[in-house]
Structure formats: structure tokens, C-alpha cells
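Structure data (TSV, N, CA and C atoms) from target-v8.tsv:
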chain	number	residue	atom	x	y	z
A	1314	MET	N	-8.09	-7.07	-8.51
A	1314	MET	CA	-7.79	-7.84	-7.31
A	1314	MET	C	-6.79	-7.10	-6.43
A	1315	VAL	N	-5.78	-6.51	-7.06
A	1315	VAL	CA	-4.75	-5.78	-6.32
A	1315	VAL	C	-5.37	-4.59	-5.59
A	1316	VAL	N	-6.25	-3.87	-6.27
A	1316	VAL	CA	-6.90	-2.70	-5.64
A	1316	VAL	C	-7.69	-3.15	-4.41
A	1317	GLN	N	-8.50	-4.18	-4.57
A	1317	GLN	CA	-9.34	-4.62	-3.46
A	1317	GLN	C	-8.50	-5.10	-2.28
A	1318	LEU	N	-7.47	-5.88	-2.55
A	1318	LEU	CA	-6.64	-6.39	-1.46
A	1318	LEU	C	-5.85	-5.27	-0.80
A	1319	ALA	N	-5.38	-4.29	-1.57
A	1319	ALA	CA	-4.63	-3.17	-0.99
A	1319	ALA	C	-5.53	-2.30	-0.11
A	1320	VAL	N	-6.74	-2.00	-0.59
A	1320	VAL	CA	-7.67	-1.21	0.22
A	1320	VAL	C	-8.06	-1.99	1.47
A	1321	LEU	N	-8.33	-3.27	1.32
A	1321	LEU	CA	-8.69	-4.10	2.47
A	1321	LEU	C	-7.56	-4.12	3.50
A	1322	ALA	N	-6.34	-4.30	3.05
A	1322	ALA	CA	-5.20	-4.32	3.97
A	1322	ALA	C	-5.05	-2.98	4.69
A	1323	ALA	N	-5.22	-1.88	3.96
A	1323	ALA	CA	-5.10	-0.55	4.57
A	1323	ALA	C	-6.19	-0.33	5.62
A	1324	LEU	N	-7.41	-0.73	5.29
A	1324	LEU	CA	-8.51	-0.56	6.24
A	1324	LEU	C	-8.36	-1.46	7.46
A	1325	MET	N	-7.84	-2.65	7.24
A	1325	MET	CA	-7.60	-3.56	8.37
A	1325	MET	C	-6.55	-2.99	9.32
A	1326	ARG	N	-5.54	-2.31	8.77
A	1326	ARG	CA	-4.52	-1.66	9.62
A	1326	ARG	C	-5.13	-0.56	10.47
A	1327	MET	N	-6.26	-0.01	10.02
A	1327	MET	CA	-6.95	1.03	10.80
A	1327	MET	C	-7.94	0.40	11.77
A	1328	THR	N	-7.84	-0.89	11.98
A	1328	THR	CA	-8.67	-1.70	12.88
A	1328	THR	C	-10.17	-1.64	12.55
A	1329	ILE	N	-10.49	-1.54	11.29
A	1329	ILE	CA	-11.88	-1.62	10.85
A	1329	ILE	C	-12.22	-3.10	10.72
A	1330	HIS	N	-13.39	-3.49	11.18
A	1330	HIS	CA	-13.82	-4.89	11.13
A	1330	HIS	C	-13.69	-5.40	9.70
A	1331	TYR	N	-13.27	-6.64	9.55
A	1331	TYR	CA	-12.96	-7.16	8.22
A	1331	TYR	C	-14.15	-7.17	7.26
A	1332	LEU	N	-15.37	-7.32	7.75
A	1332	LEU	CA	-16.53	-7.30	6.84
A	1332	LEU	C	-16.86	-5.89	6.37
A	1333	VAL	N	-16.71	-4.91	7.26
A	1333	VAL	CA	-16.90	-3.51	6.86
A	1333	VAL	C	-15.78	-3.11	5.89
A	1334	ALA	N	-14.56	-3.51	6.22
A	1334	ALA	CA	-13.42	-3.21	5.35
A	1334	ALA	C	-13.58	-3.88	3.99
A	1335	THR	N	-14.12	-5.09	3.96
A	1335	THR	CA	-14.37	-5.79	2.69
A	1335	THR	C	-15.38	-5.03	1.85
A	1336	THR	N	-16.45	-4.57	2.47
A	1336	THR	CA	-17.48	-3.81	1.76
A	1336	THR	C	-16.90	-2.54	1.14
A	1337	LEU	N	-16.12	-1.80	1.90
A	1337	LEU	CA	-15.50	-0.57	1.39
A	1337	LEU	C	-14.47	-0.86	0.29
A	1338	ALA	N	-13.73	-1.94	0.46
A	1338	ALA	CA	-12.74	-2.33	-0.55
A	1338	ALA	C	-13.43	-2.72	-1.85
A	1339	ILE	N	-14.56	-3.41	-1.75
A	1339	ILE	CA	-15.30	-3.79	-2.95
A	1339	ILE	C	-15.79	-2.54	-3.69
A	1340	GLU	N	-16.31	-1.57	-2.96
A	1340	GLU	CA	-16.80	-0.35	-3.61
A	1340	GLU	C	-15.66	0.39	-4.31
A	1341	ALA	N	-14.52	0.51	-3.67
A	1341	ALA	CA	-13.37	1.16	-4.31
A	1341	ALA	C	-12.97	0.40	-5.57
A	1342	THR	N	-13.01	-0.91	-5.50
A	1342	THR	CA	-12.65	-1.74	-6.65
A	1342	THR	C	-13.68	-1.63	-7.76
A	1343	LEU	N	-14.95	-1.53	-7.42
A	1343	LEU	CA	-15.99	-1.37	-8.45
A	1343	LEU	C	-15.75	-0.10	-9.27
A	1344	ILE	N	-15.48	0.98	-8.59
A	1344	ILE	CA	-15.23	2.25	-9.30
A	1344	ILE	C	-13.98	2.13	-10.17
A	1345	HIS	N	-12.93	1.55	-9.63
A	1345	HIS	CA	-11.69	1.34	-10.40
A	1345	HIS	C	-11.95	0.45	-11.61
A	1346	ASN	N	-12.61	-0.69	-11.40
A	1346	ASN	CA	-12.85	-1.63	-12.50
A	1346	ASN	C	-13.75	-1.05	-13.57
A	1347	PHE	N	-14.76	-0.29	-13.16
A	1347	PHE	CA	-15.65	0.35	-14.13
A	1347	PHE	C	-14.85	1.28	-15.03
A	1348	ALA	N	-14.01	2.11	-14.44
A	1348	ALA	CA	-13.19	3.04	-15.23
A	1348	ALA	C	-12.24	2.26	-16.15
A	1349	TRP	N	-11.64	1.21	-15.65
A	1349	TRP	CA	-10.72	0.39	-16.44
A	1349	TRP	C	-11.44	-0.26	-17.63
A	1350	HIS	N	-12.59	-0.87	-17.36
A	1350	HIS	CA	-13.35	-1.52	-18.43
A	1350	HIS	C	-13.82	-0.51	-19.47
A	1351	LEU	N	-14.26	0.63	-19.02
A	1351	LEU	CA	-14.73	1.67	-19.93
A	1351	LEU	C	-13.60	2.16	-20.83
A	1352	ARG	N	-12.43	2.32	-20.26
A	1352	ARG	CA	-11.28	2.88	-20.99
A	1352	ARG	C	-10.53	1.84	-21.82
A	1353	PHE	N	-10.45	0.60	-21.33
A	1353	PHE	CA	-9.61	-0.39	-21.99
A	1353	PHE	C	-10.35	-1.64	-22.46
A	1354	THR	N	-10.96	-2.39	-21.54
A	1354	THR	CA	-11.52	-3.69	-21.86
A	1354	THR	C	-12.57	-3.62	-22.96
A	1355	TRP	N	-13.56	-2.73	-22.80
A	1355	TRP	CA	-14.66	-2.64	-23.75
A	1355	TRP	C	-14.77	-1.23	-24.34
A	1356	ARG	N	-13.65	-0.61	-24.63
A	1356	ARG	CA	-13.67	0.76	-25.15
A	1356	ARG	C	-14.30	0.86	-26.54
A	1357	ASP	N	-14.38	-0.26	-27.26
A	1357	ASP	CA	-14.94	-0.24	-28.61
A	1357	ASP	C	-16.46	-0.36	-28.62
A	1358	ARG	N	-17.08	-0.41	-27.47
A	1358	ARG	CA	-18.53	-0.60	-27.40
A	1358	ARG	C	-19.23	0.71	-27.06
A	1359	ARG	N	-20.36	0.90	-27.68
A	1359	ARG	CA	-21.18	2.09	-27.45
A	1359	ARG	C	-22.42	1.69	-26.67
A	1360	SER	N	-23.05	2.66	-26.04
A	1360	SER	CA	-24.25	2.37	-25.26
A	1360	SER	C	-25.25	3.51	-25.38
A	1361	GLU	N	-26.51	3.13	-25.46
A	1361	GLU	CA	-27.57	4.13	-25.48
A	1361	GLU	C	-27.84	4.67	-24.08
A	1362	THR	N	-27.40	3.97	-23.05
A	1362	THR	CA	-27.69	4.38	-21.68
A	1362	THR	C	-26.71	5.41	-21.15
A	1363	GLY	N	-25.60	5.62	-21.82
A	1363	GLY	CA	-24.62	6.60	-21.37
A	1363	GLY	C	-23.82	6.13	-20.17
A	1364	LEU	N	-22.95	7.00	-19.70
A	1364	LEU	CA	-22.02	6.69	-18.62
A	1364	LEU	C	-22.75	6.34	-17.32
A	1365	VAL	N	-23.72	7.16	-16.93
A	1365	VAL	CA	-24.43	6.92	-15.67
A	1365	VAL	C	-25.22	5.61	-15.74
A	1366	GLY	N	-25.86	5.35	-16.87
A	1366	GLY	CA	-26.60	4.10	-17.03
A	1366	GLY	C	-25.70	2.89	-16.91
A	1367	ARG	N	-24.54	2.98	-17.52
A	1367	ARG	CA	-23.59	1.86	-17.42
A	1367	ARG	C	-23.08	1.68	-16.00
A	1368	LEU	N	-22.80	2.80	-15.33
A	1368	LEU	CA	-22.33	2.71	-13.95
A	1368	LEU	C	-23.39	2.08	-13.05
A	1369	VAL	N	-24.65	2.43	-13.25
A	1369	VAL	CA	-25.73	1.82	-12.49
A	1369	VAL	C	-25.81	0.32	-12.78
A	1370	ARG	N	-25.77	-0.05	-14.07
A	1370	ARG	CA	-25.81	-1.47	-14.43
A	1370	ARG	C	-24.60	-2.22	-13.87
A	1371	PHE	N	-23.45	-1.58	-13.87
A	1371	PHE	CA	-22.24	-2.20	-13.34
A	1371	PHE	C	-22.41	-2.50	-11.85
A	1372	HIS	N	-22.96	-1.54	-11.11
A	1372	HIS	CA	-23.19	-1.76	-9.69
A	1372	HIS	C	-24.28	-2.80	-9.44
A	1373	LEU	N	-25.31	-2.81	-10.28
A	1373	LEU	CA	-26.37	-3.80	-10.10
A	1373	LEU	C	-25.92	-5.21	-10.45
A	1374	SER	N	-24.95	-5.33	-11.34
A	1374	SER	CA	-24.46	-6.66	-11.71
A	1374	SER	C	-23.20	-7.01	-10.94
A	1375	ASN	N	-22.09	-6.41	-11.31
A	1375	ASN	CA	-20.82	-6.73	-10.66
A	1375	ASN	C	-20.82	-6.37	-9.19
A	1376	GLY	N	-21.45	-5.27	-8.85
A	1376	GLY	CA	-21.51	-4.88	-7.44
A	1376	GLY	C	-22.29	-5.87	-6.61
A	1377	LEU	N	-23.43	-6.29	-7.12
A	1377	LEU	CA	-24.25	-7.26	-6.39
A	1377	LEU	C	-23.53	-8.60	-6.25
A	1378	VAL	N	-22.95	-9.09	-7.34
A	1378	VAL	CA	-22.22	-10.36	-7.29
A	1378	VAL	C	-21.05	-10.26	-6.33
A	1379	SER	N	-20.28	-9.17	-6.43
A	1379	SER	CA	-19.10	-9.01	-5.56
A	1379	SER	C	-19.49	-8.88	-4.09
A	1380	MET	N	-20.49	-8.04	-3.81
A	1380	MET	CA	-20.91	-7.87	-2.42
A	1380	MET	C	-21.47	-9.17	-1.85
A	1381	ALA	N	-22.41	-9.77	-2.57
A	1381	ALA	CA	-23.04	-11.00	-2.06
A	1381	ALA	C	-22.01	-12.13	-1.94
A	1382	GLY	N	-21.19	-12.29	-2.98
A	1382	GLY	CA	-20.20	-13.35	-2.97
A	1382	GLY	C	-19.17	-13.18	-1.87
A	1383	ASN	N	-18.60	-11.99	-1.80
A	1383	ASN	CA	-17.58	-11.74	-0.78
A	1383	ASN	C	-18.14	-11.80	0.63
A	1384	LEU	N	-19.30	-11.18	0.85
A	1384	LEU	CA	-19.84	-11.14	2.20
A	1384	LEU	C	-20.44	-12.48	2.64
A	1385	ALA	N	-20.73	-13.35	1.68
A	1385	ALA	CA	-21.16	-14.71	2.03
A	1385	ALA	C	-19.95	-15.61	2.29
A	1386	LEU	N	-18.91	-15.46	1.49
A	1386	LEU	CA	-17.74	-16.33	1.61
A	1386	LEU	C	-16.80	-15.93	2.74
A	1387	MET	N	-16.63	-14.63	2.97
A	1387	MET	CA	-15.64	-14.18	3.96
A	1387	MET	C	-15.89	-14.72	5.37
A	1388	PRO	N	-17.12	-14.64	5.90
A	1388	PRO	CA	-17.32	-15.19	7.26
A	1388	PRO	C	-17.02	-16.68	7.33
A	1389	TRP	N	-17.34	-17.39	6.28
A	1389	TRP	CA	-17.07	-18.83	6.26
A	1389	TRP	C	-15.58	-19.10	6.16
A	1390	LEU	N	-14.91	-18.43	5.22
A	1390	LEU	CA	-13.48	-18.66	5.01
A	1390	LEU	C	-12.64	-18.21	6.20
A	1391	VAL	N	-13.01	-17.08	6.79
A	1391	VAL	CA	-12.24	-16.56	7.94
A	1391	VAL	C	-12.68	-17.24	9.23
A	1392	GLY	N	-14.00	-17.26	9.47
A	1392	GLY	CA	-14.51	-17.76	10.76
A	1392	GLY	C	-14.52	-19.26	10.91
A	1393	VAL	N	-14.87	-19.98	9.86
A	1393	VAL	CA	-15.00	-21.44	9.95
A	1393	VAL	C	-13.72	-22.14	9.50
A	1394	VAL	N	-13.24	-21.78	8.31
A	1394	VAL	CA	-12.05	-22.42	7.75
A	1394	VAL	C	-10.78	-21.92	8.45
A	1395	GLY	N	-10.79	-20.67	8.91
A	1395	GLY	CA	-9.64	-20.11	9.62
A	1395	GLY	C	-8.59	-19.47	8.73
A	1396	MET	N	-8.97	-19.11	7.52
A	1396	MET	CA	-8.02	-18.45	6.60
A	1396	MET	C	-7.73	-17.02	7.07
A	1397	PRO	N	-6.52	-16.55	6.82
A	1397	PRO	CA	-6.25	-15.13	7.05
A	1397	PRO	C	-7.15	-14.29	6.13
A	1398	VAL	N	-7.50	-13.09	6.58
A	1398	VAL	CA	-8.48	-12.25	5.88
A	1398	VAL	C	-8.08	-11.98	4.43
A	1399	LEU	N	-6.84	-11.61	4.17
A	1399	LEU	CA	-6.43	-11.27	2.80
A	1399	LEU	C	-6.46	-12.48	1.87
A	1400	ILE	N	-6.07	-13.64	2.36
A	1400	ILE	CA	-6.13	-14.85	1.54
A	1400	ILE	C	-7.59	-15.22	1.27
A	1401	ALA	N	-8.42	-15.14	2.29
A	1401	ALA	CA	-9.85	-15.43	2.13
A	1401	ALA	C	-10.48	-14.48	1.12
A	1402	ASN	N	-10.09	-13.20	1.16
A	1402	ASN	CA	-10.63	-12.25	0.21
A	1402	ASN	C	-10.16	-12.54	-1.21
A	1403	GLY	N	-8.93	-12.97	-1.36
A	1403	GLY	CA	-8.44	-13.38	-2.68
A	1403	GLY	C	-9.23	-14.54	-3.24
A	1404	VAL	N	-9.55	-15.50	-2.41
A	1404	VAL	CA	-10.37	-16.64	-2.84
A	1404	VAL	C	-11.77	-16.17	-3.24
A	1405	ALA	N	-12.36	-15.29	-2.44
A	1405	ALA	CA	-13.69	-14.77	-2.74
A	1405	ALA	C	-13.69	-13.98	-4.06
A	1406	ILE	N	-12.66	-13.20	-4.29
A	1406	ILE	CA	-12.55	-12.43	-5.54
A	1406	ILE	C	-12.51	-13.39	-6.73
A	1407	LEU	N	-11.69	-14.41	-6.64
A	1407	LEU	CA	-11.58	-15.37	-7.73
A	1407	LEU	C	-12.91	-16.07	-8.00
A	1408	CYS	N	-13.64	-16.39	-6.95
A	1408	CYS	CA	-14.94	-17.05	-7.12
A	1408	CYS	C	-15.95	-16.16	-7.86
A	1409	CYS	N	-15.86	-14.87	-7.66
A	1409	CYS	CA	-16.82	-13.93	-8.27
A	1409	CYS	C	-16.38	-13.41	-9.64
A	1410	SER	N	-15.10	-13.51	-9.96
A	1410	SER	CA	-14.58	-12.82	-11.14
A	1410	SER	C	-15.14	-13.32	-12.47
A	1411	ILE	N	-15.34	-14.59	-12.63
A	1411	ILE	CA	-15.85	-15.11	-13.91
A	1411	ILE	C	-17.29	-14.64	-14.14
A	1412	VAL	N	-18.11	-14.71	-13.10
A	1412	VAL	CA	-19.49	-14.24	-13.22
A	1412	VAL	C	-19.50	-12.74	-13.54
A	1413	ASN	N	-18.65	-11.99	-12.85
A	1413	ASN	CA	-18.59	-10.54	-13.09
A	1413	ASN	C	-18.16	-10.21	-14.51
A	1414	PHE	N	-17.17	-10.93	-15.03
A	1414	PHE	CA	-16.72	-10.67	-16.40
A	1414	PHE	C	-17.85	-10.94	-17.39
A	1415	CYS	N	-18.54	-12.04	-17.22
A	1415	CYS	CA	-19.65	-12.39	-18.13
A	1415	CYS	C	-20.76	-11.36	-18.07
A	1416	LEU	N	-21.10	-10.89	-16.88
A	1416	LEU	CA	-22.13	-9.86	-16.76
A	1416	LEU	C	-21.69	-8.55	-17.40
A	1417	GLY	N	-20.43	-8.18	-17.20
A	1417	GLY	CA	-19.92	-6.97	-17.82
A	1417	GLY	C	-19.93	-7.05	-19.33
A	1418	ASP	N	-19.50	-8.19	-19.85
A	1418	ASP	CA	-19.44	-8.38	-21.29
A	1418	ASP	C	-20.83	-8.39	-21.93
A	1419	ALA	N	-21.77	-9.08	-21.31
A	1419	ALA	CA	-23.08	-9.26	-21.92
A	1419	ALA	C	-24.07	-8.13	-21.61
A	1420	TRP	N	-24.04	-7.57	-20.40
A	1420	TRP	CA	-25.10	-6.64	-20.01
A	1420	TRP	C	-24.62	-5.20	-19.86
A	1421	VAL	N	-23.53	-4.98	-19.16
A	1421	VAL	CA	-23.08	-3.61	-18.89
A	1421	VAL	C	-22.48	-2.97	-20.13
A	1422	PHE	N	-21.56	-3.67	-20.78
A	1422	PHE	CA	-20.85	-3.12	-21.92
A	1422	PHE	C	-21.24	-3.80	-23.22
A	1423	GLY	N	-22.26	-4.62	-23.22
A	1423	GLY	CA	-22.62	-5.41	-24.38
A	1423	GLY	C	-23.47	-4.72	-25.41
A	1424	ALA	N	-24.02	-3.57	-25.14
A	1424	ALA	CA	-24.93	-2.89	-26.07
A	1424	ALA	C	-24.18	-2.33	-27.26
A	1425	SER	N	-24.72	-2.55	-28.42
A	1425	SER	CA	-24.23	-1.96	-29.68
A	1425	SER	C	-22.74	-2.13	-29.88
A	1426	LYS	N	-22.29	-3.36	-29.98
A	1426	LYS	CA	-20.87	-3.65	-30.20
A	1426	LYS	C	-20.44	-3.08	-31.55
A	1427	VAL	N	-19.24	-2.50	-31.58
A	1427	VAL	CA	-18.64	-2.08	-32.83
A	1427	VAL	C	-18.00	-3.32	-33.42
A	1428	HIS	N	-18.38	-3.66	-34.62
A	1428	HIS	CA	-17.89	-4.91	-35.23
A	1428	HIS	C	-16.45	-4.76	-35.70
A	1429	ALA	N	-15.64	-5.73	-35.33
A	1429	ALA	CA	-14.23	-5.73	-35.72
A	1429	ALA	C	-14.06	-5.97	-37.21
A	1430	ALA	N	-15.06	-6.53	-37.87
A	1430	ALA	CA	-14.94	-6.82	-39.30
A	1430	ALA	C	-14.68	-5.56	-40.11
A	1431	GLY	N	-15.23	-4.44	-39.69
A	1431	GLY	CA	-15.01	-3.19	-40.40
A	1431	GLY	C	-13.58	-2.70	-40.28
A	1432	LYS	N	-12.86	-3.18	-39.26
A	1432	LYS	CA	-11.49	-2.75	-39.05
A	1432	LYS	C	-10.48	-3.76	-39.60
A	1433	ALA	N	-10.93	-4.93	-40.01
A	1433	ALA	CA	-10.01	-6.00	-40.41
A	1433	ALA	C	-9.10	-5.58	-41.55
A	1434	GLY	N	-9.60	-4.78	-42.47
A	1434	GLY	CA	-8.78	-4.35	-43.59
A	1434	GLY	C	-7.58	-3.52	-43.16
A	1435	HIS	N	-7.72	-2.83	-42.04
A	1435	HIS	CA	-6.62	-2.00	-41.54
A	1435	HIS	C	-5.60	-2.83	-40.78
A	1436	ILE	N	-6.06	-3.91	-40.18
A	1436	ILE	CA	-5.17	-4.73	-39.38
A	1436	ILE	C	-4.46	-5.78	-40.25
A	1437	LEU	N	-5.22	-6.46	-41.08
A	1437	LEU	CA	-4.67	-7.53	-41.88
A	1437	LEU	C	-5.05	-7.33	-43.35
A	1438	PRO	N	-4.49	-6.35	-44.03
A	1438	PRO	CA	-4.91	-6.09	-45.40
A	1438	PRO	C	-4.64	-7.23	-46.35
A	1439	SER	N	-3.66	-8.08	-46.05
A	1439	SER	CA	-3.33	-9.18	-46.95
A	1439	SER	C	-4.41	-10.28	-46.94
A	1440	LEU	N	-5.28	-10.28	-45.93
A	1440	LEU	CA	-6.33	-11.28	-45.85
A	1440	LEU	C	-7.64	-10.81	-46.44
A	1441	ARG	N	-7.70	-9.59	-46.92
A	1441	ARG	CA	-8.93	-9.08	-47.54
A	1441	ARG	C	-9.16	-9.71	-48.89
A	1442	PRO	N	-10.39	-10.09	-49.19
A	1442	PRO	CA	-10.65	-10.63	-50.53
A	1442	PRO	C	-10.53	-9.51	-51.56
A	1443	ASP	N	-10.01	-9.84	-52.73
A	1443	ASP	CA	-9.84	-8.84	-53.81
A	1443	ASP	C	-11.08	-8.68	-54.64
Please go through the file and, once you have read it, give me the structure as C-alpha cells.
Amino acid sequence: MVVQLAVLAALMRMTIHYLVATTLAIEATLIHNFAWHLRFTWRDRRSETGLVGRLVRFHLSNGLVSMAGNLALMPWLVGVVGMPVLIANGVAILCCSIVNFCLGDAWVFGASKVHAAGKAGHILPSLRPD
């Protein structure tokens, strides 16, 4: 959220139309979030599709939800409701985030999960059956 709002604010200062700026901010955020999820959120998951396959799936899922959601909500929130652009974008991000997380968990990073049960003995050895 911080990345998207910061990029949006920077682009708005350059007098780029808020919908174009929103689109560019979403793309910057998609790349950032993909790297973050790959490195931290779902680092224990493997995939047969590789890095490029996951990046494509990430754009087809999270990218589509974020673009459609933000570009549908922003004109309404800014033009009809009268919200400032950054607040409207924050609302749009929140509306899309749950769907995006579920898609990332189930489809983009969901292939071939490494089971935590194999690691339980290292984390909680006192709970292992003898």
C-alpha cells in the first residue's frame, strides 16, 4: 500500500492524470509485491512453472484485480464522492487486497506447498511423539 501511494503521489506531483498515475503505481506495486511474496510471504513454496510463470500468473490474478478494482473505483470515489485521490486510492487498495491475497495464496504461490509438519520437530521438539 505504501509503495502504491508513494508512487501515485510522486506521479501526481508531475501533473500526470490520476488514472494514468494510478495505473503506473499499480504496476510498480505489482513488481514490488511479487518480489516480497516470493522472498518472504510464500518462500516455502515451490512451483513447476518457475519464476516467469509465477510472475505471469501474478499479473493475471493480482494485476487484473488491482487494475480493474482501482480503475473502476477511482473515478467514482474521486469524481462522484469527491474524495482526495490518495485517500480514494487507499480505499481501492483495501477493497482489492483480500481478493489479491487469496489469489496469491491459492493460485500463484499455491503449487507444491512444503509441509510444515516435516519441520515441526525442529521448532517444537517437546511436542513430538516418542
Between CA of His1350 (chain A) and CA of Met1325 (chain A), distance in Å (one decimal): 27.5 Å
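Near region 1326-1334 of chain A, within a cut-off of 9 Å and counting only C-alpha atoms, sit the residues Val1320, Leu1321, Ala1322, Ala1338, Ile1339, Asn1383, Leu1384, Met1387, Pro1388 and Val1398 of chain A, with same-chain residues fewer than 4 positions away left out.
Put simply, CA of Leu1351 (chain A) is 13.3 Å away from CA of Trp1420 (chain A).
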Distance in Å - atom N of Thr1342 (chain A) versus CA of Gln1317 (chain A): 5.6 Å
Just need the box for region 1357-1362 of chain A, edges along x, y and z, holding every atom the file lists for it with 6 Å tacked onto each side, so centre and edge lengths in Å to one decimal, as lines of an AutoDock Vina configuration file.
center_x = -21.1
center_y = 2.4
center_z = -24.9
size_x = 25.5
size_y = 18.0
size_z = 19.5
For His1345 (chain A), the nearest of the candidates A:Val1316, A:Leu1386, A:Leu1373, A:Leu1324, counting only N, CA and C atoms: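 Result for the nearest residue to His1345 (chain A): A:Val1316.
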Nearest to Phe1347 (chain A) by atom-to-atom distance, counting only N, CA and C atoms, from A:Asn1402, A:Val1315, A:Phe1371, A:Ala1323: A:Phe1371
Test item, helix (DSSP H, G or I) assignment across chain A, answer as a VMD selection string: chain A and resid 1315 to 1326 1331 to 1354 1363 to 1393 1398 to 1421 1429 to 1436 1438 to 1440
Selected residue, from A:Thr1336, A:Ser1410, A:Ser1360, A:Asn1346, that lies nearest to Val1378 (chain A) when counting only N, CA and C atoms: A:Ser1410
From A:Gly1382, A:Gly1392, A:Gly1417, A:Gly1363, residue lying nearest Trp1349 (chain A) [only C-alpha atoms]: A:Gly1417
